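Quick look at query-v3.cif (mmCIF, C-alpha atoms):
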data_final
#
loop_
_atom_site.label_atom_id
_atom_site.label_comp_id
_atom_site.auth_asym_id
_atom_site.auth_seq_id
_atom_site.Cartn_x
_atom_site.Cartn_y
_atom_site.Cartn_z
CA MET R 1 15.85 37.94 47.71
CA THR R 2 13.62 35.71 45.60
CA LYS R 3 11.06 33.45 47.27
CA THR R 4 9.36 30.52 45.55
CA TYR R 5 5.78 29.33 46.06
CA PHE R 6 3.63 26.53 44.64
CA ALA R 7 -0.09 25.89 44.17
CA PRO R 8 -1.43 22.62 42.76
CA GLY R 9 -3.96 21.89 40.11
CA ARG R 10 -6.95 19.94 41.26
CA VAL R 11 -9.03 17.03 40.07
CA ASN R 12 -12.60 16.42 41.12
CA LEU R 13 -13.02 12.71 41.75
CA ILE R 14 -16.83 12.90 41.68
CA GLY R 15 -19.53 15.50 42.32
CA GLU R 16 -19.42 17.55 39.13
CA HIS R 17 -21.32 20.85 38.85
CA LEU R 18 -22.49 20.52 42.45
CA ASP R 19 -20.32 23.27 43.91
CA TYR R 20 -22.59 26.12 42.78
CA ASN R 21 -25.66 24.02 43.61
CA GLY R 22 -24.80 23.74 47.31
CA GLY R 23 -23.84 20.08 47.19
CA LEU R 24 -21.09 17.77 48.39
CA VAL R 25 -18.03 17.43 46.17
CA LEU R 26 -14.91 15.26 46.38
CA PRO R 27 -11.89 17.07 44.91
CA ALA R 28 -8.20 16.46 45.54
CA ALA R 29 -5.07 18.51 44.93
CA LEU R 30 -2.48 17.22 42.46
CA THR R 31 1.31 17.19 42.62
CA ILE R 32 1.48 19.18 39.37
CA GLY R 33 0.58 22.83 39.36
CA VAL R 34 1.87 26.39 39.18
CA THR R 35 5.12 27.71 40.67
CA ALA R 36 5.85 31.42 41.15
CA LYS R 37 9.00 33.33 42.05
CA PHE R 38 8.45 36.50 44.09
CA THR R 39 11.02 39.33 44.19
CA LYS R 40 10.49 42.67 45.96
CA ARG R 41 10.72 45.91 44.00
CA ALA R 42 11.83 49.34 45.23
CA ASP R 43 9.15 51.29 43.32
CA ASN R 44 5.34 51.09 43.52
CA LYS R 45 4.82 48.58 40.71
CA ILE R 46 3.90 44.93 40.29
CA VAL R 47 5.16 43.17 37.17
CA LEU R 48 3.57 39.85 36.17
CA ARG R 49 5.40 37.46 33.84
CA SER R 50 5.00 33.86 32.77
CA SER R 51 7.47 31.38 31.32
CA SER R 52 4.77 30.07 28.97
CA HIS R 53 3.20 33.35 27.79
CA SER R 54 4.79 36.21 25.91
CA LEU R 55 2.36 38.72 27.42
CA HIS R 56 3.52 40.41 30.62
CA LYS R 57 1.72 43.08 32.62
CA GLU R 58 3.05 46.01 34.63
CA ILE R 59 0.78 47.96 36.98
CA ASP R 60 1.24 50.83 39.40
CA LEU R 61 -0.37 50.05 42.75
CA GLY R 62 -1.75 53.58 42.85
CA ASP R 63 -3.80 53.05 39.69
CA PRO R 64 -7.23 51.34 39.47
CA ILE R 65 -7.20 47.68 38.37
CA GLU R 66 -9.90 46.57 35.92
CA PHE R 67 -10.67 43.42 33.95
CA ASP R 68 -9.66 43.61 30.30
CA LEU R 69 -9.72 40.73 27.81
CA LYS R 70 -6.46 42.05 26.38
CA ASN R 71 -4.79 41.22 29.69
CA GLU R 72 -5.33 37.51 28.96
CA TRP R 73 -3.91 35.25 31.71
CA THR R 74 -2.86 38.21 33.88
CA ASN R 75 -6.51 38.96 34.66
CA TYR R 76 -6.39 36.20 37.31
CA PRO R 77 -3.55 37.60 39.45
CA LEU R 78 -4.77 41.14 38.74
CA GLY R 79 -8.20 40.26 40.12
CA VAL R 80 -6.66 38.92 43.32
CA ILE R 81 -4.46 42.02 43.73
CA HIS R 82 -7.53 44.20 43.18
CA GLN R 83 -9.56 42.29 45.78
CA LEU R 84 -6.80 42.30 48.41
CA ILE R 85 -6.35 46.07 48.09
CA LYS R 86 -10.12 46.56 48.15
CA GLU R 87 -10.31 44.66 51.45
CA GLY R 88 -7.51 46.70 53.01
CA HIS R 89 -4.60 44.26 52.85
CA SER R 90 -1.06 45.46 52.32
CA VAL R 91 0.24 44.52 48.86
CA GLN R 92 3.96 44.99 48.28
CA PRO R 93 5.52 46.05 44.96
CA CYS R 94 7.14 43.02 43.35
CA ASP R 95 8.11 41.01 40.30
CA ILE R 96 6.23 37.72 39.97
CA VAL R 97 7.22 35.08 37.44
CA PHE R 98 4.78 32.17 37.01
CA ASP R 99 5.71 28.74 35.66
CA SER R 100 3.21 25.92 35.16
CA ASN R 101 3.31 22.24 34.29
CA LEU R 102 -0.50 22.08 34.15
CA PRO R 103 -1.99 21.78 30.68
CA GLU R 104 -3.95 25.01 30.17
CA GLY R 105 -7.66 24.82 29.43
CA SER R 106 -7.64 21.20 30.58
CA GLY R 107 -10.09 21.52 33.47
CA LEU R 108 -7.41 21.00 36.15
CA SER R 109 -7.96 24.50 37.53
CA SER R 110 -4.86 26.37 36.41
CA SER R 111 -6.80 29.61 36.95
CA ALA R 112 -7.69 28.72 40.56
CA ALA R 113 -4.07 27.71 41.16
CA VAL R 114 -2.84 31.09 39.90
CA GLU R 115 -5.43 32.93 42.00
CA VAL R 116 -4.74 31.10 45.27
CA LEU R 117 -0.99 31.24 44.64
CA THR R 118 -1.08 35.00 44.05
CA GLY R 119 -3.10 35.66 47.19
CA TYR R 120 -1.00 33.35 49.38
CA MET R 121 2.25 34.79 48.07
CA LEU R 122 1.26 38.42 48.58
CA LEU R 123 -0.28 37.86 52.00
CA SER R 124 2.77 35.88 53.16
CA GLN R 125 4.94 38.99 52.91
CA THR R 126 3.02 40.86 55.62
CA GLU R 127 0.75 38.37 57.41
CA GLN R 128 1.19 35.07 59.25
CA ASN R 129 -1.25 32.20 59.72
CA ILE R 130 -3.22 32.85 56.53
CA ASN R 131 -6.81 31.64 56.80
CA LEU R 132 -6.91 29.30 53.81
CA PRO R 133 -10.71 28.80 53.59
CA TRP R 134 -11.06 32.59 53.66
CA LEU R 135 -8.44 32.90 50.90
CA ALA R 136 -10.31 30.32 48.81
CA ASN R 137 -13.50 32.32 49.19
CA LEU R 138 -11.73 35.55 48.22
CA CYS R 139 -10.46 33.88 45.04
CA LYS R 140 -13.94 32.57 44.25
CA GLN R 141 -15.17 36.15 44.60
CA VAL R 142 -12.52 37.21 42.07
CA GLU R 143 -13.82 34.59 39.60
CA ASN R 144 -17.43 35.67 40.10
CA GLU R 145 -17.06 39.44 40.17
CA PHE R 146 -13.81 40.30 38.37
CA ILE R 147 -13.49 37.49 35.79
CA GLY R 148 -17.25 36.99 35.38
CA VAL R 149 -17.47 33.19 35.74
CA GLN R 150 -20.20 32.13 38.17
CA CYS R 151 -18.27 29.17 39.60
CA GLY R 152 -18.58 27.69 43.05
CA ILE R 153 -15.78 27.43 45.59
CA MET R 154 -14.60 23.86 44.99
CA ASP R 155 -11.56 24.62 42.81
CA GLN R 156 -10.09 27.32 45.00
CA PHE R 157 -10.80 25.33 48.17
CA ALA R 158 -9.07 22.20 46.87
CA VAL R 159 -6.04 24.20 45.72
CA ALA R 160 -5.76 25.89 49.12
CA MET R 161 -6.63 22.97 51.41
CA GLY R 162 -5.31 19.86 49.63
CA LYS R 163 -3.47 17.11 51.53
CA ALA R 164 -1.33 14.31 50.11
CA ASP R 165 -3.26 11.04 49.56
CA GLN R 166 -6.48 12.66 50.79
CA ALA R 167 -9.63 13.68 48.96
CA ILE R 168 -11.68 16.51 50.45
CA LEU R 169 -15.36 15.92 51.12
CA LEU R 170 -16.58 19.50 50.94
CA ASN R 171 -20.04 20.89 51.60
CA CYS R 172 -20.03 23.85 49.22
CA SER R 173 -22.87 25.65 50.97
CA THR R 174 -21.28 25.63 54.45
CA LEU R 175 -17.55 24.94 53.75
CA GLU R 176 -17.70 22.09 56.25
CA HIS R 177 -15.14 19.54 55.12
CA THR R 178 -13.51 16.28 56.06
CA TYR R 179 -10.60 14.41 54.54
CA VAL R 180 -11.17 10.98 52.99
CA HIS R 181 -8.15 8.73 52.52
CA PHE R 182 -7.70 7.90 48.85
CA GLU R 183 -5.96 4.51 48.93
CA LEU R 184 -5.42 3.22 45.39
CA ASN R 185 -3.64 -0.08 46.21
CA ASN R 186 -2.44 -1.41 42.84
CA TYR R 187 -4.48 1.07 40.82
CA ARG R 188 -3.41 4.46 39.50
CA LEU R 189 -5.31 7.65 38.76
CA LEU R 190 -4.72 8.58 35.14
CA ILE R 191 -5.47 11.99 33.69
CA LEU R 192 -6.70 11.87 30.10
CA ASP R 193 -6.26 15.22 28.36
CA THR R 194 -8.45 15.70 25.29
CA LYS R 195 -6.06 18.45 24.08
CA LYS R 196 -9.20 20.42 23.32
CA PRO R 197 -8.90 23.53 25.50
CA ARG R 198 -12.02 25.36 26.58
CA SER R 199 -12.75 28.66 28.26
CA LEU R 200 -15.50 28.74 30.85
CA ILE R 201 -16.15 32.38 30.06
CA HIS R 202 -17.18 31.50 26.50
CA SER R 203 -18.86 28.18 27.30
CA LYS R 204 -22.32 27.28 28.49
CA TYR R 205 -21.17 27.16 32.12
CA ASN R 206 -23.18 30.21 33.17
CA GLU R 207 -26.15 28.90 31.19
CA ARG R 208 -26.16 25.66 33.21
CA LYS R 209 -26.02 27.65 36.43
CA ALA R 210 -29.04 29.68 35.32
CA GLU R 211 -30.98 26.50 34.46
CA CYS R 212 -30.26 25.12 37.92
CA GLU R 213 -31.39 28.36 39.52
CA GLU R 214 -34.66 28.05 37.59
CA ALA R 215 -35.13 24.49 38.84
CA LEU R 216 -34.53 25.64 42.41
CA ARG R 217 -36.99 28.52 42.00
CA ILE R 218 -39.70 26.09 40.87
CA LEU R 219 -39.08 23.64 43.70
CA GLN R 220 -38.96 26.34 46.37
CA VAL R 221 -42.60 27.17 45.69
CA THR R 222 -43.56 24.03 47.60
CA SER R 223 -40.36 23.13 49.48
CA PRO R 224 -38.08 24.96 51.96
CA ILE R 225 -34.85 23.69 50.31
CA GLN R 226 -32.01 26.22 50.15
CA HIS R 227 -30.00 24.55 47.38
CA LEU R 228 -30.85 22.34 44.42
CA ALA R 229 -28.57 19.59 45.74
CA GLY R 230 -30.99 19.26 48.66
CA ALA R 231 -33.92 18.26 46.43
CA SER R 232 -35.20 14.70 46.07
CA MET R 233 -36.01 12.59 43.02
CA SER R 234 -39.72 12.69 43.87
CA GLN R 235 -39.72 16.46 43.38
CA LEU R 236 -38.64 16.26 39.73
CA ASP R 237 -42.25 15.84 38.60
CA LEU R 238 -42.87 19.43 39.70
CA ILE R 239 -40.64 20.66 36.86
CA ASN R 240 -42.40 20.79 33.47
CA ASP R 241 -39.56 22.07 31.32
CA GLU R 242 -37.69 18.94 30.18
CA THR R 243 -34.31 20.66 29.89
CA VAL R 244 -34.53 22.16 33.37
CA LYS R 245 -35.71 18.80 34.71
CA LYS R 246 -32.69 17.02 33.24
CA ARG R 247 -30.31 19.53 34.83
CA ALA R 248 -31.98 19.01 38.22
CA ARG R 249 -31.90 15.22 37.81
CA HIS R 250 -28.13 15.32 37.33
CA VAL R 251 -27.64 17.44 40.44
CA ILE R 252 -29.83 15.18 42.60
CA THR R 253 -28.36 11.87 41.37
CA GLU R 254 -24.79 13.18 41.45
CA SER R 255 -25.31 14.20 45.08
CA LEU R 256 -26.29 10.62 45.88
CA ARG R 257 -23.27 9.30 43.98
CA VAL R 258 -20.89 11.44 46.05
CA LYS R 259 -22.22 9.93 49.28
CA GLU R 260 -21.93 6.41 47.88
CA ALA R 261 -18.41 7.13 46.60
CA VAL R 262 -17.21 8.29 50.01
CA LYS R 263 -18.66 5.16 51.58
CA ALA R 264 -16.87 3.03 48.96
CA LEU R 265 -13.52 4.74 49.61
CA ARG R 266 -13.85 4.30 53.35
CA PHE R 267 -14.34 0.56 52.76
CA ASN R 268 -11.53 0.57 50.17
CA ASP R 269 -14.06 -0.62 47.57
CA LEU R 270 -12.53 0.72 44.38
CA SER R 271 -14.78 -1.40 42.14
CA THR R 272 -17.89 0.39 43.42
CA PHE R 273 -16.10 3.72 43.19
CA GLY R 274 -15.31 2.97 39.54
CA ARG R 275 -18.93 2.12 38.74
CA LEU R 276 -20.00 5.41 40.29
CA MET R 277 -17.48 7.24 38.09
CA ASN R 278 -19.05 5.64 35.02
CA ALA R 279 -22.55 6.60 36.14
CA SER R 280 -21.41 10.15 36.82
CA HIS R 281 -20.09 10.51 33.27
CA ALA R 282 -23.31 9.16 31.79
CA SER R 283 -25.30 11.71 33.78
CA LEU R 284 -23.02 14.55 32.73
CA LYS R 285 -23.43 13.45 29.12
CA ASN R 286 -27.16 12.81 29.01
CA ASP R 287 -28.72 15.02 31.67
CA TYR R 288 -26.26 17.89 32.07
CA GLU R 289 -24.94 17.84 28.50
CA VAL R 290 -21.47 19.20 29.22
CA THR R 291 -19.22 16.47 27.82
CA GLY R 292 -18.92 16.57 24.02
CA LYS R 293 -17.46 14.04 21.61
CA GLU R 294 -13.86 14.19 22.82
CA LEU R 295 -14.62 13.60 26.49
CA ASP R 296 -17.16 10.92 25.64
CA VAL R 297 -14.66 9.00 23.51
CA LEU R 298 -11.99 9.13 26.23
CA ALA R 299 -14.30 8.12 29.07
CA GLU R 300 -16.39 5.52 27.26
CA GLU R 301 -13.48 3.83 25.48
CA SER R 302 -11.55 3.77 28.76
CA GLN R 303 -14.43 2.01 30.48
CA LYS R 304 -14.14 -0.86 27.97
CA LEU R 305 -10.41 -1.46 28.41
CA LYS R 306 -8.72 -4.13 30.51
CA GLY R 307 -7.76 -3.03 34.00
CA CYS R 308 -9.99 0.06 34.09
CA LEU R 309 -12.44 0.23 36.99
CA GLY R 310 -14.07 3.49 35.88
CA ALA R 311 -13.66 6.72 33.96
CA ARG R 312 -15.41 10.07 33.80
CA MET R 313 -14.92 13.64 32.71
CA THR R 314 -13.63 15.97 35.40
CA GLY R 315 -13.97 19.73 35.66
CA ALA R 316 -16.60 21.84 33.97
CA GLY R 317 -16.53 19.94 30.68
CA PHE R 318 -16.77 21.33 27.15
CA GLY R 319 -13.31 19.86 26.53
CA GLY R 320 -10.53 19.48 29.07
CA CYS R 321 -9.79 16.22 30.88
CA ALA R 322 -11.23 12.91 31.94
CA ILE R 323 -9.85 10.66 34.68
CA ALA R 324 -9.61 6.88 34.89
CA LEU R 325 -8.76 4.32 37.57
CA VAL R 326 -6.47 1.75 35.94
CA HIS R 327 -4.55 -1.21 37.35
CA GLU R 328 -0.80 -0.62 37.28
CA ASP R 329 -0.22 -3.80 35.25
CA SER R 330 -2.54 -2.57 32.49
CA ILE R 331 -1.33 1.03 32.16
CA ALA R 332 1.04 0.54 29.19
CA GLU R 333 -1.56 -1.30 27.11
CA PHE R 334 -4.31 1.09 28.26
CA LYS R 335 -2.36 4.14 27.08
CA HIS R 336 -1.51 2.59 23.73
CA VAL R 337 -5.02 1.39 22.88
CA LEU R 338 -6.83 4.47 24.15
CA ALA R 339 -4.55 6.86 22.28
CA PHE R 340 -5.15 4.90 19.06
CA LYS R 341 -8.94 4.82 19.51
CA TYR R 342 -9.08 8.51 20.41
CA GLN R 343 -7.03 9.61 17.41
CA ALA R 344 -9.14 7.47 15.09
CA ALA R 345 -12.39 8.95 16.43
CA THR R 346 -11.40 12.62 16.77
CA SER R 347 -8.22 13.17 14.71
CA LEU R 348 -6.68 14.59 17.90
CA ASN R 349 -3.79 13.23 19.96
CA CYS R 350 -4.66 12.91 23.64
CA GLU R 351 -2.13 13.08 26.45
CA ILE R 352 -2.27 10.49 29.22
CA TYR R 353 -0.29 10.73 32.44
CA GLU R 354 -0.31 9.38 35.96
CA SER R 355 -1.16 11.69 38.82
CA GLN R 356 -0.48 11.71 42.54
CA ILE R 357 -2.68 13.37 45.16
CA GLY R 358 -0.65 16.16 46.78
CA ASP R 359 -0.66 19.08 49.20
CA GLY R 360 -2.24 22.51 48.78
CA VAL R 361 -0.61 25.92 48.33
CA MET R 362 2.79 26.32 50.03
CA LYS R 363 6.10 28.16 50.18
CA ILE R 364 8.82 25.89 48.81
CA SER R 365 11.93 28.02 49.31
#

Write-out of the structure in structure tokens:
Amino acid sequence: MTKTYFAPGRVNLIGEHLDYNGGLVLPAALTIGVTAKFTKRADNKIVLRSSSHSLHKEIDLGDPIEFDLKNEWTNYPLGVIHQLIKEGHSVQPCDIVFDSNLPEGSGLSSSAAVEVLTGYMLLSQTEQNINLPWLANLCKQVENEFIGVQCGIMDQFAVAMGKADQAILLNCSTLEHTYVHFELNNYRLLILDTKKPRSLIHSKYNERKAECEEALRILQVTSPIQHLAGASMSQLDLINDETVKKRARHVITESLRVKEAVKALRFNDLSTFGRLMNASHASLKNDYEVTGKELDVLAEESQKLKGCLGARMTGAGFGGCAIALVHEDSIAEFKHVLAFKYQAATSLNCEIYESQIGDGVMKIS
């Protein structure tokens, strides 16, 4: 018998690059994501296939599982299988066929969706009442130790714990979280895909994390803070290296923006939320330097257009997606003008689509 499961992509509304700095973030799960069909096998093998990739992978559960670049996309489910076995969980032989309507390399966390989906699917065969925060942490561990990307827990947590029409205010250092109603009224959340894929493994993601760790090391000489997100603006003068100071300034100001954004949403003040989105993008461009021409064109041109309250890059950057809050009456014109301006500036064709805020990982049949 074949069983079907789903895990969403995620968008971070505000709070970028704070997850590995111990800060507050505000992600939400999407209604688009990754679906997988699970079928038991009679032997001791797991076979991984995808409708969008020619590569498939067959493993024997008695053999060691190791990361290999040649395994491409299958490294993500392989890492989860490896970690579950390592921690003593029962993993059944099976065929798994993945299908995704998330644009790959877009910053909407297709990798986290695959990881959480794999873990949830395999655990569901032998265990009940899966601890979703624990599963998110296990998948983060896979990213850090098996894949080699030093990400925080935000992506996996949002994929596992998402709720329809709710953003998640998550403290990444403690996993304390609350749900914040995301009421858009007559506005819509648009996803703006640069169509410029990026790989975190080959980007400057780990470099930014190291720069933040250096900032924290400097500040801890005179302050008991545990995470960089807990620093204050007055402490920036203690950092002499201008690059490290800029990275710290983004983390500190972005932390303040998250708090203001939550307050704005609770008062249904989308105008203020939009202004905070714009300020977040400017900080990511100037202080954290993770945007690039394509994301800057999409976000900054969006901010100028009729009906748009705010726009910013989302995800790790270096390509991928931006998001924009646009009035429903302006969407057609917004899409037309932005696509024209983007193509003229970059020679690329962006993809623009509306998104709904959905539920986290689930069994669907």

Q: Please evaluate the PyMOL selection byres ((chain R and resi 34) around 6) against the displayed coordinates and give the resulting residues as an MDAnalysis selection string.
A: chainID R and resid 6:7 33 35 99:100

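Across the structure, atom CA of Phe38 of chain R and atom CA of Gln128 of chain R are spaced 16.9 Å apart.
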
Q: Can you give me, as a PyMOL selection string, the residues this file yields under the PyMOL selection byres ((chain R and resi 280-285) around 9)?
A: chain R and resi 14-17+249-250+253-254+257+275-279+286-292+296+299-300+311-314+317

Q | From R:Pro77, R:Gly88, R:Gly119, R:Gly22, residue lying nearest Ile59 of chain R [all atoms listed in the file] | A |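 Under the stated criterion, the closest residue is R:Pro77.
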
Residues within 7 Å of Leu169 of chain R, only C-alpha atoms, excluding chain neighbours under 3 positions, as a CSV table (one decimal) with C-alpha atoms, in the coordinates of the input:
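Result saved to part.csv:
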chain,number,residue,atom,x,y,z
R,24,LEU,CA,-21.1,17.8,48.4
R,25,VAL,CA,-18.0,17.4,46.2
R,26,LEU,CA,-14.9,15.3,46.4
R,177,HIS,CA,-15.1,19.5,55.1
R,178,THR,CA,-13.5,16.3,56.1
R,179,TYR,CA,-10.6,14.4,54.5
R,180,VAL,CA,-11.2,11.0,53.0

(Q) Set the distance at 10 Å and use all atoms listed in the file: which residues neighbour Tyr20 of chain R once local chain neighbours fewer than 3 positions away are removed? I'd like the list as a PyMOL selection string. (A) chain R and resi 16-17+23+150-154+172-173+209+212-213+227-229

**Q.** Counting only C-alpha atoms, the residue of R:Lys245, R:Ala316, R:Lys341, R:Ile147 that sits nearest Leu69 of chain R
**A.**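 Counting only C-alpha atoms, the residue closest to Leu69 of chain R is R:Ile147.
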
Q) With distances taken over all atoms listed in the file, which of R:Leu108, R:Ile32, R:Leu305, R:Leu135 is nearest to Glu87 of chain R? A)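 Residue with the minimum atom-to-atom distance to Glu87 of chain R: R:Leu135.
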
Translate the PyMOL selection byres ((chain R and resi 106) around 10), as applied to the file shown, into an explicit residue set as an mmCIF file with C-alpha atoms, in the frame of the given file.
data_model
loop_
_atom_site.group_PDB
_atom_site.id
_atom_site.type_symbol
_atom_site.label_atom_id
_atom_site.label_comp_id
_atom_site.auth_asym_id
_atom_site.auth_seq_id
_atom_site.Cartn_x
_atom_site.Cartn_y
_atom_site.Cartn_z
ATOM 1 C CA LEU R 102 -0.500 22.080 34.150
ATOM 2 C CA PRO R 103 -1.990 21.780 30.680
ATOM 3 C CA GLU R 104 -3.950 25.010 30.170
ATOM 4 C CA GLY R 105 -7.660 24.820 29.430
ATOM 5 C CA GLY R 107 -10.090 21.520 33.470
ATOM 6 C CA LEU R 108 -7.410 21.000 36.150
ATOM 7 C CA SER R 109 -7.960 24.500 37.530
ATOM 8 C CA SER R 110 -4.860 26.370 36.410
ATOM 9 C CA ILE R 191 -5.470 11.990 33.690
ATOM 10 C CA LEU R 192 -6.700 11.870 30.100
ATOM 11 C CA ASP R 193 -6.260 15.220 28.360
ATOM 12 C CA THR R 194 -8.450 15.700 25.290
ATOM 13 C CA LYS R 195 -6.060 18.450 24.080
ATOM 14 C CA LYS R 196 -9.200 20.420 23.320
ATOM 15 C CA PRO R 197 -8.900 23.530 25.500
ATOM 16 C CA ARG R 198 -12.020 25.360 26.580
ATOM 17 C CA SER R 199 -12.750 28.660 28.260
ATOM 18 C CA THR R 314 -13.630 15.970 35.400
ATOM 19 C CA GLY R 315 -13.970 19.730 35.660
ATOM 20 C CA ALA R 316 -16.600 21.840 33.970
ATOM 21 C CA GLY R 317 -16.530 19.940 30.680
ATOM 22 C CA PHE R 318 -16.770 21.330 27.150
ATOM 23 C CA GLY R 319 -13.310 19.860 26.530
ATOM 24 C CA GLY R 320 -10.530 19.480 29.070
ATOM 25 C CA CYS R 321 -9.790 16.220 30.880
ATOM 26 C CA ALA R 322 -11.230 12.910 31.940
#

Test item: axis-aligned box, all listed atoms of segment 343-352 of chain R, 6 Å on each side, centre and edges in Å rounded to one decimal, as AutoDock Vina command-line options:
--center_x -7.3 --center_y 11.0 --center_z 22.0 --size_x 22.3 --size_y 19.1 --size_z 26.5

**Q.** Residue nearest Ala164 of chain R among R:Phe340, R:Ser365, R:Asp63, R:Asp359 (counting only C-alpha atoms)
**A.**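 Answer, going by the shortest atom-to-atom distance: R:Asp359.
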